[in-house]
Each structure stands twice: as C-alpha cells, then as structure tokens.
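Novice: One structure is given below, represented as structure tokens, and several questions about it will come after.
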Amino acid sequence: MPEKKRKTELLSPAGDIDGAVGAINAGADAVYLGTEEFSARAYAKNLTIEETIEMIQYAHLYHRKLYLTMNTLLKTMEFPRALSVLDRLYQAGLDAVIVQDLGLLSCLHQYFPELEIHASTQLSVLSAAGMEQLKEYHVTRVVPGRELSLAELVELKKTGMELECFIHGAMCYAYSGRCLMSSLAGGRSGNRGRCAGPCRKQYHIPGQKDAYLLSMKDMCSVDRIGALIDAGIDSFKIEGRMKAAEYTAGVTSVYRKVIDRIENGEKYVVTKADRAVLKELYIRSELQDGYYFRHNDRNMISLSDPAYSGCSDALKEDIRRRYLAERKRYPISGEIAVCQGKPMRLTLRLDDHEESAEGAVADVAEKRAVSDEEIRKQICKMGNTFYEIKELKIANDGKSFVAVSQLNDLRRSVLEKLDRALFSMDRHSCLQQEISKDNTKVLNQSQGENRFIYERQYSEKKPAILIGVKTKEQLNMVLKYPYADGVILDLMMLSGEDLWDGAYKREHNSGEIQRFDTAAGLIRKISETQKKWYLRLPEIIRQKDIGRIREQLETTLRLTDDMPPEGIYCGSLDAMGIAGEYADRNGENRTAAEQEMPKGRKIRADQGIYIMNIQAEKDVLKHAVSYTAPLELNRKELSHAIRKDARELIVYGYLPMMYSANCIVNTTEGCGRTKARTRIIDQENREFPVLMNHYYCFNTIYNCVPLSLHQEVGWLYQAGEAAVFRMEFTIEDAVETDRVMDCFQNVFSGDSSTRTEEEAGKEYTKGHFNRGVL
C-alpha cells in the first residue's frame with residue numbers, strides 16, 4: 001500500500017547500488033547518487049546508468065524518490081554527453097537532478113520539462129537574493145551553504161522555494177563551491193568532483209606547532225532535529241556518498257526514528273544506543289552540530305586528528321543483517337488457471353495494479369499431470385525482480401500437462417507487463433528536437449571527438465586594463481600608471497567600513513586609524529587621472545548581511561550619482577541578485593525604472609561565477625555585460641568560448657584558494673577583530689596568506705605565490721582572447737604594488753626583455769593556463 005506522506009523528507013546518500021538499497025531499506029524518503037560521470041564524488045564507486053535505472057524503479061516501488069547528482073562544472077566538450085545521460089534517466093523516471101553548472105541549469109527545463117531541478121550547495125547560494133535568481137531556471141529546491149544559521153534559513157524559506165539542508169556527515173572548511181585549494185595545489189578540482197583534501201593536512205601559523213587547522217569535525221544534528229523541523233526545512237540531507245553502505249543504512253535508520261517520533265508529537269530523547277551508532281560510524285574523532293546555532297568556533301575543528309575512526313565488525317554485521325542482506329521484495333498475489341485444451345492464464349496483482357496474460361495451451365497428460373506444487377514452484381520464482389508472491393491461487397484440472405519452460409515464459413510475460421505498468425513514464429524529452437534547432441550544440445563528430453560549430457566573436461580592440469585593489473595604498477600606486485584604464489574598488493572601501501585596512505594599520509603601529517576619503521572624494525580623485533571606476537560587491541554575501549550591503553550600496557551610488565561606476569562586479573548569485581536591483585540590465589530585461597537610472601551601473605560577472613562552457617557563457621551574458629574567464633581552464637579550453645569580446649581575463653594576482661566562515665585567528669589564538677591578516681604554513685614550508693574580513697566575518701586564504709601571465713600577454717592579445725586584462729591586488733603593500741605595476745607596464749608595451757622577466761616576480765605560477773584540471 002502507498003506509504004503515508006511524511007512532512008520532512010529524509011534524504012540519504014548512495015555511493016553504489018548497495019548504498020541505495022540500504023538507504024531505502026533503512027527508511028530514507030529519497031536517495032541521491034551519481035553515475036560514473038559528472039558527479040561531485042568522482043572517487044566514489046558510483047552507479048552505471050543501468051544500475052541507476054534499476055534503483056529508480058526500486059525507489060518508486062516503495063514510493064520513494066531518487067535524485068541524480070550532476071553537481072560539477074562541465075567543460076564545453078562534455079556537454080552533449082551530460083545531456084545524453086540525463087535524457088536516458090529522465091525517460092526512466094528520474095525524480096530530480098541536483099546541479100551546479102549554470103550552463104546546464106539554464107537548459108534543463110527546456111529539454112526535460114517534467115524534471116524537478118535542485119540547485120546544488122556547490123552554487124554557494126547564501127541568501128534570499130541568490131535564491132530569487134534561481135527561480136528563472138525553474139529551480140524548485142535549493143541546497144544552501146552549510147554555514148547558514150537557522151535564523152537565516154527561516155528568512156530563505158520566505159522565497160517560497162524548498163530548502164534541503166545537511167544534518168549529518170563530513171564538512172568542508174570552505175564555503176561549498178568557493179574552494180580552489182585542491183585545484184591549484186595539484187590539478188584535482190573540487191568543482192569537478194576530484195578534491196584531494198589538502199584541508200585535511202597539517203598547517204601552522206608563525207610561532208605555533210603544526211595542527212589540522214582546516215579540518216572540520218563531522219556534523220551530527222540529531223539533537224537539533226526538533227528545531228530544524230520547526231524552522232520548516234523541507235529535506236534533511238545526510239552526507240556520505242564516499243562512505244560504505246553500512247554508514248548510509250545505519251545513520252539513516254537513526255534519523256528515521258528520531259524524525260518520525262518528533263513529527264508524531266512524541267517527546268523523544270536520542271537513546272544511548274542510537275548515539276553510539278552515530279559516533280561509531282565513520283566519523284573524524286569527534287562530532288559537532290554544525291553552523292545552525294553558531295557562526296564559527298574552535299571546537300568545530302579537529303585539530304589533533306582528522307582521520308576516520310574505525311567501525312566495529314559487530315555493528316557493521318548488525319546493519320548488514322537488518323538492511324543490506326537482501327533487497328526488500330514487494331508482496332504480490334496471483335492466480336493461475338491450467339485447463340486441458342485451453343491457454344494457461346496467469347494474473348498478478350500489486351496493490352491496485354493487475355496484469356494478466358495467456359500462455360501455451362495445456363496438453364493432455366499422457367503419463368502424469370502437472371501438479372499444483374510444480375506450478376507453484378515455477379510461477380513463484382521471482383529471480384532478480386523486485387517482487388515476492390505471497391499468495392498464489394491455482395485452478396488446476398489435474399488432467400493437463402505443461403512444460404516447465406511454458407510456465408516460465410508465462411511468468412516472465414506477466415512480470416514484464418507489471419514492470420511496464422508500474423515503471424513506464426509517459427515522458428518524452430525535448431532534447432533531440434531542441435538540439436537540432438541550435439547550432440551551438442553538437443554537431444559533428446570528427447576523429448571521435450565532439451566538434452562544436454559556432455561563430456566566435458573575438459575581441460578586436462586592444463584589451464582594456466582594469467586593476468582591482470583592496471587598500472588605499474594600492475590605489476595610490478595604481479593611479480600613477482597611465483596604462484591602467486580603470487580601477488575596481490571594494491564596496492567597503494567606499495562605505496567607510498574598511499575594517500580590514502583599519503586592522504592592518506593597527507598591526508603596523510601606524511597610530512590612529514585614518515578613514516578613507518568620502519566616496520565622492522575618492523571617486524573624484526580617480527576621475528582626475530582620466531580612469532574609469534568599477535564597484536565590487538563582497539565575495540561572500542549571506543542573508544544576515546543583506547540589509548547592511550543594500551544600505552551601503554544605496555549610499556555609495558547616491559554619493560557618486562554624478563560619477564557613477566561603469567559596472568558592478570558580482571562574484572556570486574547573491575551578489576547578482578542585489579546588483580540587479582540597482583544596475584542597468586541588457587535589452588528587454590530592463591524595467592522602465594531602470595531605463596531612467598544613470599547609465600553604466602552594469603553587472604560584470606566576477607571569478608566566483610563559473611563560466612566553464614559556452615552554454616553558461618550564453619546564459620550569464622543575458623544578465624551581465626561581461627564575465628571573468630574561469631581559473632580552471634587551460635589555453636586550449638579557453639579557446640572554446642564564443643563571446644571573447646565580453647570576456648575578462650586575470651593576468652596577475654594572488655588567487656583566492658578558499659573562502660571560509662571559520663576563522664584561522666579565532667581557532668589559533670582567539671579573535672578580537674583587530675588582527676586583519678595572518679598566514680598558514682604547510683609541511684613543505686609554503687606560506688599561504690590569510691585575510692580576515694571582520695565586518696562580514698569571513699576568511700580568504702590565498703595561494704602561496706601569485707598568478708602571473710606576463711609571458712602569455714602577447715599571445716593572448718594577438719589571439720583576441722579577452723576584451724579586458726585584469727590585475728588583482730590583495731595582500732601586496734605599496735612597494736610590491738608599485739613593482740608589479742612597473743613590470744606589467746613593460747609587459748603591456750610589448751617589452752619581453754630579460755629585465756621584464758626578472759621584474760615579473762620572485763616566484764609565480766601560471767595557474768591552469770598550461771595544465772588545466774581533471
């Protein structure tokens with residue numbers, strides 16, 4: 001019989017077919033899993049397409065759901081294959097797909113109109129403004145960042161969209177989707193499902209011993225389930241597709257019990273036995289309950305040992321016996337009639353479904369008639385199906401003979417009809433029809449490689465040079481150089497809330513904090529050098545900060561109304577949502593009110609908006625006038641872009657390796673909001689700068705050496721690869737800023753002398769320009 005609909009969904013992981021079966025047997029309402037391609041857990045066993053279809057059917061038989069994780073960034077050449085995989089599973093009845101890539105997100109509803117679309121936590125949506133951006137993609141559910149508080153999640157629910165929130169399992173130190181640490185360290189990109197886990201290694205700050213500063217303890221929210229239910233969260237998600245099936249089944253069984261009892265109105269306290277199960281099943285030394293009720297905390301970090309503890313053989317055996325020994329078989333009933341001279345007839349019933357078929361004509365029994373036992377034995381053989389015949393009525397005249405093979409054929413015939421009735425979906429994707437209309441897709445195969453046919457738009461003009469700065473010292477140096485066409489200023493620099501710069505001055509004993517000039521005065525100073533200026537919104541925008549950011553933005557735009565910014569840089573969907581309230585947008589998207597606003601306040605997609613394929617490029621440029629080339633594509637992959645005339649390319653800067661809600665200083669020595677920077681040092685003695693944004697309370701960890709493409713600028717210019725070359729100053733002081741600016745003055749003038757090479761910097765990296773990522 002259909003199961004009672006539960007209020008809050010329990011969503012469990014599966015890294016293989018055993019995990020999926022175990023999750024359903026243990027009580028999961030839905031299971032999320034990945035196929036062998038395009039999953040954010042590329043090193044899990046994962047499932048073949050055939051196994052995934054089998055699990056869709058198994059889940060549906062028990063009125064559960066199955067979600068596909070296609071939550072990685074796709075390169076252009078991978079797009080057709082990804083759509084092909086999704087097309088087959090869609091037609092098999094897939095309930096939903098969890099997505100990170102904006103290009104894929106933009107075409108899903110068009111191709112697969114009946115498929116639910118869920119936005120992955122890898123999209124790093126942290127506010128209602130970001131969620132509103134996703135509505136136009138027909139997204140119905142969002143997996144927000146794990147870092148959000150319960151109060152923030154309550155505000156997000158007001159958008160009317162579903163929330164899927166993690167309640168148990170491993171946690172990343174970085175905001176999901178905002179980490180390049182594994183990528184830059186060894187080419188294994190977390191955005192491609194291949195994170196090598198460098199955050200689980202030892203680091204130290206100057207003057208202290210090595211510790212696992214970035215290794216989060218595993219999350220366990222079992223004592224907080226009541227509060228999470230009251231907050232209206234729609235789906236409770238367990239992390240763990242890389243873990244064993246015993247973990248999935250055991251953890252699912254405990255949370256199933258707790259959720260059911262609370263939703264049934266029972267006052268329930270987690271038992272010692274259940275708590276012991278959660279503590280023993282593959283956890284990192286200790287557990288903590290996540291960010292729902294705190295912003296960050298030293299006690300959230302596994303400083304001494306990040307390794308997983310073992311799990312007793314007795315517990316694993318008990319879980320296997322209860323949930324994994326065999327698949328549940330759904331009880332069915334039936335009846336068969338065997339009468340001499342007539343076709344056999346078999347009917348099988350499952351709940352309200354009934355299917356019948358006729359078989360071979362029963363012959364006269366010359367020696368021995370077929371017995372009821374022989375009929376029952378063959379008809380009740382369910383093999384590898386989902387069913388078990390609990391009751392079979394046999395009408396046997398006792399005079400007939402039928403061969404075993406004839407009984408088997410009849411049984412298979414009816415089972416096939418039953419499968420079709422239960423699992424066939426009246427779904428027809430629009431994929432092939434739509435692809436044939438769009439010449440940017442497929443379309444020609446040559447030498448086994450997908451070739452894309454499109455007309456590229458190169459940048460024919462000399463690229464503009466834009467410089468991003470974070471301090472007044474950096475700005476003063478940049479303004480000295482005529483080759484800089486414009487500067488990019490952080491919102492905090494213009495709002496008088498530059499706590500980073502203030503803390504930096506205190507650290508260097510420079511005396512009283514000197515606030516920057518007013519926004520208007522600062523912009524006037526820039527305009528005197530004939531340079532344009534651009535505004536950059538914070539890299540991390542959470543719901544708790546939305547009000548302050550809107551107020552700062554409104555004030556800044558009002559004070560600079562006679563000298564408006566040429567554009568607003570947005571590094572997240574949250575930022576694009578806020579900027580869209582103020583910026584001119586393109587074409588038909590502009591409202592009448594926006595038409596009357598001063599020109600130039602246009603959205604420019606920053607590096608946090610990943611444009612890894614031409615479909616994402618096409619989509620983002622509906623909302624922005626330019627986009628920043630992704631940091632994880634190599635030279636060849638960068639050439640696949642269509643709109644190079646709208647592309648910006650970073651040619652210098654310390655690249656952000658991760659953004660985090662937890663704080664290095666708070667973990668190591670306690671944070672008094674006075675220390676603005678530190679550095680963490682790995683076991684190879686490489687130093688990674690860390691900047692603390694005290695106003696919005698997040699850390700940025702930068703690479704140990706800067707990106708510098710000074711050797712490639714000539715080729716990039718000749719190839720028309722970008723309309724804008726960008727330099728980004730972050731941790732540099734005035735002297736270093738001046739040195740780099742002087743070096744690139746030679747580079748942009750075409751000087752390739754030895755002097756230029758020497759000045760290009762002590763040590764530097766070309767990032768992924770030559771190697772790319774896996």
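We label chains A, B, ... in the order they appear in the structure tokens, count residues from 1 in each chain, and number ligands from 1 in the order shown.
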Could you pull out the residues in range 11-149 of chain A that DSSP calls helix (DSSP H, G or I) from the backbone, as a PyMOL selection string?

Specialist: chain A and resi 17-25+49-61+76-91+102-111+121-123+128-137

Novice: Within 12 Å of range 15-39 of chain A, which residues of range 304-422 of chain A show up? Give each one with its shortest atom-to-atom distance in Å (one decimal) and the two atoms involved, counting only C-alpha atoms, rows by chain then rising residue number, as CSV.

Specialist:
```
residue,atom,partner,partner_atom,distance
A:Ile319,CA,A:Gly22,CA,9.0
A:Arg320,CA,A:Gly22,CA,8.4
A:Arg321,CA,A:Gly22,CA,10.5
A:Arg322,CA,A:Ala26,CA,8.3
A:Tyr323,CA,A:Gly22,CA,5.3
A:Leu324,CA,A:Gly22,CA,5.3
A:Ala325,CA,A:Gly22,CA,9.0
A:Glu326,CA,A:Val21,CA,8.5
A:Arg327,CA,A:Val21,CA,6.5
A:Lys328,CA,A:Asn25,CA,6.9
A:Arg329,CA,A:Asn25,CA,10.4
A:Tyr330,CA,A:Asn25,CA,11.8
A:Phe386,CA,A:Val21,CA,11.5
```

Novice: Can I get the selection written as a tab-separated table (two decimals), in the first residue's frame, with N, CA, C and O atoms?

Specialist:
```tsv
chain	number	residue	atom	x	y	z
A	319	ILE	N	24.12	-4.10	10.96
A	319	ILE	CA	23.50	-3.26	9.93
A	319	ILE	C	23.30	-4.03	8.65
A	319	ILE	O	22.25	-3.93	7.99
A	320	ARG	N	24.30	-4.82	8.27
A	320	ARG	CA	24.15	-5.63	7.04
A	320	ARG	C	22.98	-6.59	7.17
A	320	ARG	O	22.19	-6.78	6.22
A	321	ARG	N	22.84	-7.22	8.33
A	321	ARG	CA	21.76	-8.20	8.53
A	321	ARG	C	20.40	-7.53	8.43
A	321	ARG	O	19.47	-8.08	7.83
A	322	ARG	N	20.28	-6.32	8.98
A	322	ARG	CA	18.97	-5.66	9.03
A	322	ARG	C	18.59	-4.95	7.74
A	322	ARG	O	17.42	-4.89	7.38
A	323	TYR	N	19.59	-4.39	7.04
A	323	TYR	CA	19.25	-3.51	5.91
A	323	TYR	C	19.92	-3.87	4.58
A	323	TYR	O	19.48	-3.39	3.54
A	324	LEU	N	20.97	-4.69	4.61
A	324	LEU	CA	21.75	-4.90	3.40
A	324	LEU	C	21.82	-6.34	2.93
A	324	LEU	O	22.33	-6.61	1.84
A	325	ALA	N	21.33	-7.28	3.75
A	325	ALA	CA	21.47	-8.70	3.39
A	325	ALA	C	20.79	-9.01	2.08
A	325	ALA	O	21.28	-9.78	1.26
A	326	GLU	N	19.66	-8.40	1.86
A	326	GLU	CA	18.95	-8.59	0.59
A	326	GLU	C	17.99	-7.44	0.38
A	326	GLU	O	17.64	-6.70	1.31
A	327	ARG	N	17.60	-7.28	-0.86
A	327	ARG	CA	16.64	-6.23	-1.17
A	327	ARG	C	15.27	-6.63	-0.65
A	327	ARG	O	14.90	-7.80	-0.64
A	328	LYS	N	14.54	-5.63	-0.23
A	328	LYS	CA	13.15	-5.91	0.13
A	328	LYS	C	12.40	-6.32	-1.13
A	328	LYS	O	12.64	-5.78	-2.20
A	329	ARG	N	11.55	-7.27	-0.99
A	329	ARG	CA	10.71	-7.69	-2.12
A	329	ARG	C	9.26	-7.30	-1.81
A	329	ARG	O	8.77	-7.53	-0.72
A	330	TYR	N	8.64	-6.73	-2.82
A	330	TYR	CA	7.28	-6.24	-2.62
A	330	TYR	C	6.30	-7.40	-2.75
A	330	TYR	O	6.34	-8.17	-3.71
A	386	PHE	N	11.77	-7.39	-8.29
A	386	PHE	CA	11.50	-6.68	-7.04
A	386	PHE	C	10.40	-7.35	-6.22
A	386	PHE	O	10.03	-6.83	-5.17
```

Novice: I'd like the neighbourhood of Thr667 in chain A as an mmCIF file with C-alpha atoms, in the first residue's frame, where a residue qualifies if any of its atoms comes within 9 Å (using only C-alpha atoms), though same-chain residues fewer than 5 positions away should be ignored.

Specialist:
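Result written to selection26.cif:
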```cif
data_model
loop_
_atom_site.group_PDB
_atom_site.id
_atom_site.type_symbol
_atom_site.label_atom_id
_atom_site.label_comp_id
_atom_site.auth_asym_id
_atom_site.auth_seq_id
_atom_site.Cartn_x
_atom_site.Cartn_y
_atom_site.Cartn_z
ATOM 1 C CA LEU A 213 43.756 23.907 11.275
ATOM 2 C CA ASN A 296 32.303 29.703 13.931
ATOM 3 C CA ASP A 297 34.136 28.028 16.763
ATOM 4 C CA ARG A 298 37.491 26.439 17.565
ATOM 5 C CA ASN A 299 35.544 23.415 18.806
ATOM 6 C CA ILE A 301 37.864 21.910 14.145
ATOM 7 C CA ASN A 662 35.532 29.668 10.251
#
```

Novice: Taking 3 positions as the minimum chain separation for residues in the same chain, which residues sit within 7 Å of range 93-102 of chain A when counting only C-alpha atoms? Answer as a PyMOL selection string.

Specialist: chain A and resi 56+65-74+89-90+105-106+115-120+122-123+425+616

Novice: Do a neighbour search on range 618-635 of chain A at 7 Å with only C-alpha atoms, toss out local chain neighbours closer than 5 positions, and write the hits as a ChimeraX atom specification.

Specialist: /A:103,106,585-586,602-607,610-612,646-649,768-773

Novice: Go ahead and write the selection's residues with C-alpha atoms as a PDB file, in the first residue's frame.

Specialist:
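Dumped to again26.pdb:
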```
ATOM      1  CA  GLY A 103      25.022  26.290 -18.384  1.00  0.00           C
ATOM      2  CA  SER A 106      19.848  27.131 -17.996  1.00  0.00           C
ATOM      3  CA  ARG A 585      20.488  45.280 -17.396  1.00  0.00           C
ATOM      4  CA  ASN A 586      20.588  44.453 -21.057  1.00  0.00           C
ATOM      5  CA  LYS A 602      26.059  47.299 -15.243  1.00  0.00           C
ATOM      6  CA  ILE A 603      26.680  43.835 -13.854  1.00  0.00           C
ATOM      7  CA  ARG A 604      30.017  42.202 -14.594  1.00  0.00           C
ATOM      8  CA  ALA A 605      30.336  38.541 -13.575  1.00  0.00           C
ATOM      9  CA  ASP A 606      33.429  38.056 -11.421  1.00  0.00           C
ATOM     10  CA  GLN A 607      35.510  34.907 -10.983  1.00  0.00           C
ATOM     11  CA  TYR A 610      31.950  29.928 -13.105  1.00  0.00           C
ATOM     12  CA  ILE A 611      31.670  30.023 -16.896  1.00  0.00           C
ATOM     13  CA  MET A 612      33.195  26.689 -17.907  1.00  0.00           C
ATOM     14  CA  ALA A 646      32.742  40.064 -23.475  1.00  0.00           C
ATOM     15  CA  ARG A 647      35.372  38.151 -21.556  1.00  0.00           C
ATOM     16  CA  GLU A 648      37.785  39.409 -18.907  1.00  0.00           C
ATOM     17  CA  LEU A 649      40.990  37.550 -18.085  1.00  0.00           C
ATOM     18  CA  HIS A 768      45.989  26.240 -15.001  1.00  0.00           C
ATOM     19  CA  PHE A 769      46.897  28.094 -18.173  1.00  0.00           C
ATOM     20  CA  ASN A 770      49.009  25.204 -19.441  1.00  0.00           C
ATOM     21  CA  ARG A 771      47.847  22.156 -17.485  1.00  0.00           C
ATOM     22  CA  GLY A 772      44.127  22.585 -16.758  1.00  0.00           C
ATOM     23  CA  VAL A 773      42.263  20.443 -14.233  1.00  0.00           C
TER      24      VAL A 773
END
```

Novice: With distances taken over only C-alpha atoms, which of A:Met382, A:Leu11, A:Met216, A:Cys311 is nearest to Asp234 in chain A?

Specialist: A:Leu11

Novice: Tell me which protein, DNA and RNA residues are within 12 Å of Tyr387 in chain A, counting only C-alpha atoms, leaving out same-chain ones fewer than 6 positions away, and put them as a short mmCIF file (atom, residue, chain, number, x, y, z; two decimals) with N, CA and C atoms, in the first residue's frame.

Specialist:
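Output saved as selection04.cif:
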```cif
data_model
loop_
_atom_site.label_atom_id
_atom_site.label_comp_id
_atom_site.auth_asym_id
_atom_site.auth_seq_id
_atom_site.Cartn_x
_atom_site.Cartn_y
_atom_site.Cartn_z
N GLN A 57 13.56 2.43 -10.23
CA GLN A 57 12.40 1.53 -10.14
C GLN A 57 12.22 1.00 -8.71
N TYR A 58 13.32 0.64 -8.08
CA TYR A 58 13.24 0.12 -6.71
C TYR A 58 12.69 1.19 -5.77
N LEU A 61 8.94 1.78 -6.40
CA LEU A 61 8.11 0.67 -5.92
C LEU A 61 7.70 0.89 -4.47
N TYR A 62 8.59 1.49 -3.71
CA TYR A 62 8.31 1.74 -2.29
C TYR A 62 7.94 3.20 -2.04
N ARG A 327 17.60 -7.28 -0.86
CA ARG A 327 16.64 -6.23 -1.17
C ARG A 327 15.27 -6.63 -0.65
N LYS A 328 14.54 -5.63 -0.23
CA LYS A 328 13.15 -5.91 0.13
C LYS A 328 12.40 -6.32 -1.13
N ARG A 329 11.55 -7.27 -0.99
CA ARG A 329 10.71 -7.69 -2.12
C ARG A 329 9.26 -7.30 -1.81
N TYR A 330 8.64 -6.73 -2.82
CA TYR A 330 7.28 -6.24 -2.62
C TYR A 330 6.30 -7.40 -2.75
N PRO A 331 5.40 -7.55 -1.77
CA PRO A 331 4.46 -8.68 -1.81
C PRO A 331 3.41 -8.51 -2.91
N ILE A 332 3.23 -9.53 -3.69
CA ILE A 332 2.18 -9.55 -4.70
C ILE A 332 1.39 -10.84 -4.57
N SER A 333 0.23 -10.87 -5.19
CA SER A 333 -0.61 -12.07 -5.19
C SER A 333 -0.96 -12.43 -6.62
N GLY A 334 -1.48 -13.63 -6.80
CA GLY A 334 -1.83 -14.02 -8.16
C GLY A 334 -2.71 -15.25 -8.21
N LEU A 348 -1.36 -11.43 -11.98
CA LEU A 348 -0.58 -10.99 -10.82
C LEU A 348 -1.08 -9.61 -10.38
N ARG A 349 -1.17 -9.42 -9.05
CA ARG A 349 -1.69 -8.16 -8.51
C ARG A 349 -0.69 -7.55 -7.54
N LEU A 350 -0.48 -6.23 -7.67
CA LEU A 350 0.33 -5.45 -6.73
C LEU A 350 -0.48 -4.23 -6.38
N ILE A 379 6.02 -20.60 -11.00
CA ILE A 379 5.40 -19.27 -11.03
C ILE A 379 5.97 -18.38 -9.92
N CYS A 380 6.35 -18.96 -8.80
CA CYS A 380 6.84 -18.17 -7.68
C CYS A 380 8.33 -17.86 -7.76
N LYS A 381 9.00 -18.31 -8.80
CA LYS A 381 10.41 -17.96 -8.99
C LYS A 381 10.51 -16.50 -9.44
N LEU A 415 5.21 -10.59 -15.63
CA LEU A 415 6.09 -9.72 -14.87
C LEU A 415 6.55 -8.53 -15.71
N GLU A 416 6.81 -8.75 -16.98
CA GLU A 416 7.20 -7.66 -17.86
C GLU A 416 6.07 -6.65 -18.00
N LEU A 418 3.77 -6.14 -15.76
CA LEU A 418 3.65 -5.47 -14.48
C LEU A 418 4.71 -4.37 -14.35
N ASP A 419 5.93 -4.68 -14.77
CA ASP A 419 7.00 -3.68 -14.73
C ASP A 419 6.64 -2.46 -15.58
#
```

Novice: Would you tabulate, counting only C-alpha atoms, all residues of range 687-733 of chain A that have an atom at most 9 Å from an atom of range 170-192 of chain A, showing the closest pair of atoms and their distance in Å to one decimal, sorted by chain then ascending number, as a Markdown table?

Specialist:
```
| residue | atom | partner | partner_atom | distance |
| --- | --- | --- | --- | --- |
| A:Ile701 | CA | A:Met181 | CA | 8.9 |
| A:Tyr702 | CA | A:Met181 | CA | 8.9 |
| A:Asn703 | CA | A:Leu184 | CA | 7.8 |
```

Novice: Would you give me, as a ChimeraX atom specification, the residues in range 628-717 of chain A that DSSP reads as strand (DSSP E or B)?

Specialist: /A:628,643,647-653,656-660,677-682,687-693,698-702,707-708

Novice: Restricting the calculation to only C-alpha atoms, which member of A:Arg141, A:Lys470, A:Arg548, A:Lys525 is positioned closest to Ser235 in chain A?

Specialist: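 The answer is A:Arg141, which sits nearest to Ser235 in chain A.
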
Novice: Extract, using only C-alpha atoms, all DNA, RNA and protein residues at most 9 Å from Val364 in chain A, discarding same-chain residues fewer than 2 positions from it, and format them as a CSV table (one decimal) with N, CA, C and O atoms, in the first residue's frame.

Specialist:
```csv
chain,number,residue,atom,x,y,z
A,340,GLN,N,-7.0,-28.4,-19.5
A,340,GLN,CA,-6.7,-29.1,-20.7
A,340,GLN,C,-7.4,-28.5,-21.9
A,340,GLN,O,-8.6,-28.2,-21.9
A,341,GLY,N,-6.6,-28.2,-23.0
A,341,GLY,CA,-7.2,-27.7,-24.2
A,341,GLY,C,-7.4,-26.2,-24.2
A,341,GLY,O,-7.8,-25.7,-25.3
A,362,ALA,N,-2.7,-26.0,-22.7
A,362,ALA,CA,-2.4,-27.1,-21.8
A,362,ALA,C,-2.7,-28.4,-22.6
A,362,ALA,O,-3.8,-28.6,-23.1
A,366,GLU,N,-0.4,-37.4,-20.9
A,366,GLU,CA,-0.3,-38.8,-21.3
A,366,GLU,C,0.2,-39.7,-20.2
A,366,GLU,O,-0.2,-40.9,-20.0
A,369,ALA,N,0.0,-35.8,-14.9
A,369,ALA,CA,-0.4,-34.4,-15.0
A,369,ALA,C,0.5,-33.5,-14.2
A,369,ALA,O,1.1,-33.9,-13.2
A,399,LYS,N,-5.6,-32.8,-15.1
A,399,LYS,CA,-5.5,-33.7,-16.3
A,399,LYS,C,-4.6,-33.1,-17.3
A,399,LYS,O,-4.4,-33.8,-18.4
A,400,SER,N,-3.9,-32.0,-17.0
A,400,SER,CA,-3.2,-31.4,-18.0
A,400,SER,C,-1.6,-31.5,-17.8
A,400,SER,O,-1.1,-31.7,-16.7
A,401,PHE,N,-1.0,-31.3,-19.0
A,401,PHE,CA,0.5,-31.3,-18.9
A,401,PHE,C,1.0,-30.0,-19.6
A,401,PHE,O,0.5,-29.6,-20.6
A,402,VAL,N,1.9,-29.3,-18.9
A,402,VAL,CA,2.5,-28.1,-19.4
A,402,VAL,C,4.0,-28.2,-19.1
A,402,VAL,O,4.4,-28.7,-18.0
```

Novice: Please indicate the distance in Å from CA of Arg673 in chain A to CA of Cys697 in chain A, rounded to one decimal place.

Specialist: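 Taking CA of Arg673 in chain A as the start and CA of Cys697 in chain A as the end point, the length is 9.1 Å.
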
Novice: Report the distance between CA of Val724 in chain A and CA of Thr560 in chain A in Å, rounded to one decimal place.

Specialist: 24.0 Å

Novice: Quick check, in Å to one decimal: how far apart do CA of Asp363 in chain A and CA of Ala395 in chain A lie?

Specialist: 15.4 Å

Novice: Using only C-alpha atoms, what does the table of range 707-734 of chain A residues within 10 Å of range 473-491 of chain A look like, with each row giving the shortest atom pair and its distance in Å to one decimal, sorted by chain and ascending number, as a tab-separated table?

Specialist:
```
residue	atom	partner	partner_atom	distance
A:Val724	CA	A:Asp485	CA	9.8
A:Phe725	CA	A:Ala484	CA	10.0
A:Arg726	CA	A:Val487	CA	9.5
A:Met727	CA	A:Val487	CA	9.5
A:Glu728	CA	A:Ile488	CA	8.8
A:Phe729	CA	A:Gln474	CA	7.2
A:Thr730	CA	A:Gln474	CA	8.5
A:Ile731	CA	A:Gln474	CA	9.4
A:Glu732	CA	A:Gln474	CA	7.5
A:Asp733	CA	A:Gln474	CA	6.8
A:Ala734	CA	A:Glu473	CA	5.4
```

Novice: Which of these residues is nearest to Glu152 in chain A, using only C-alpha atoms: A:Thr555, A:Gln711, A:Gln543, A:Asn264?

Specialist: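 With only C-alpha atoms as the atom set, the closest residue is A:Gln543.
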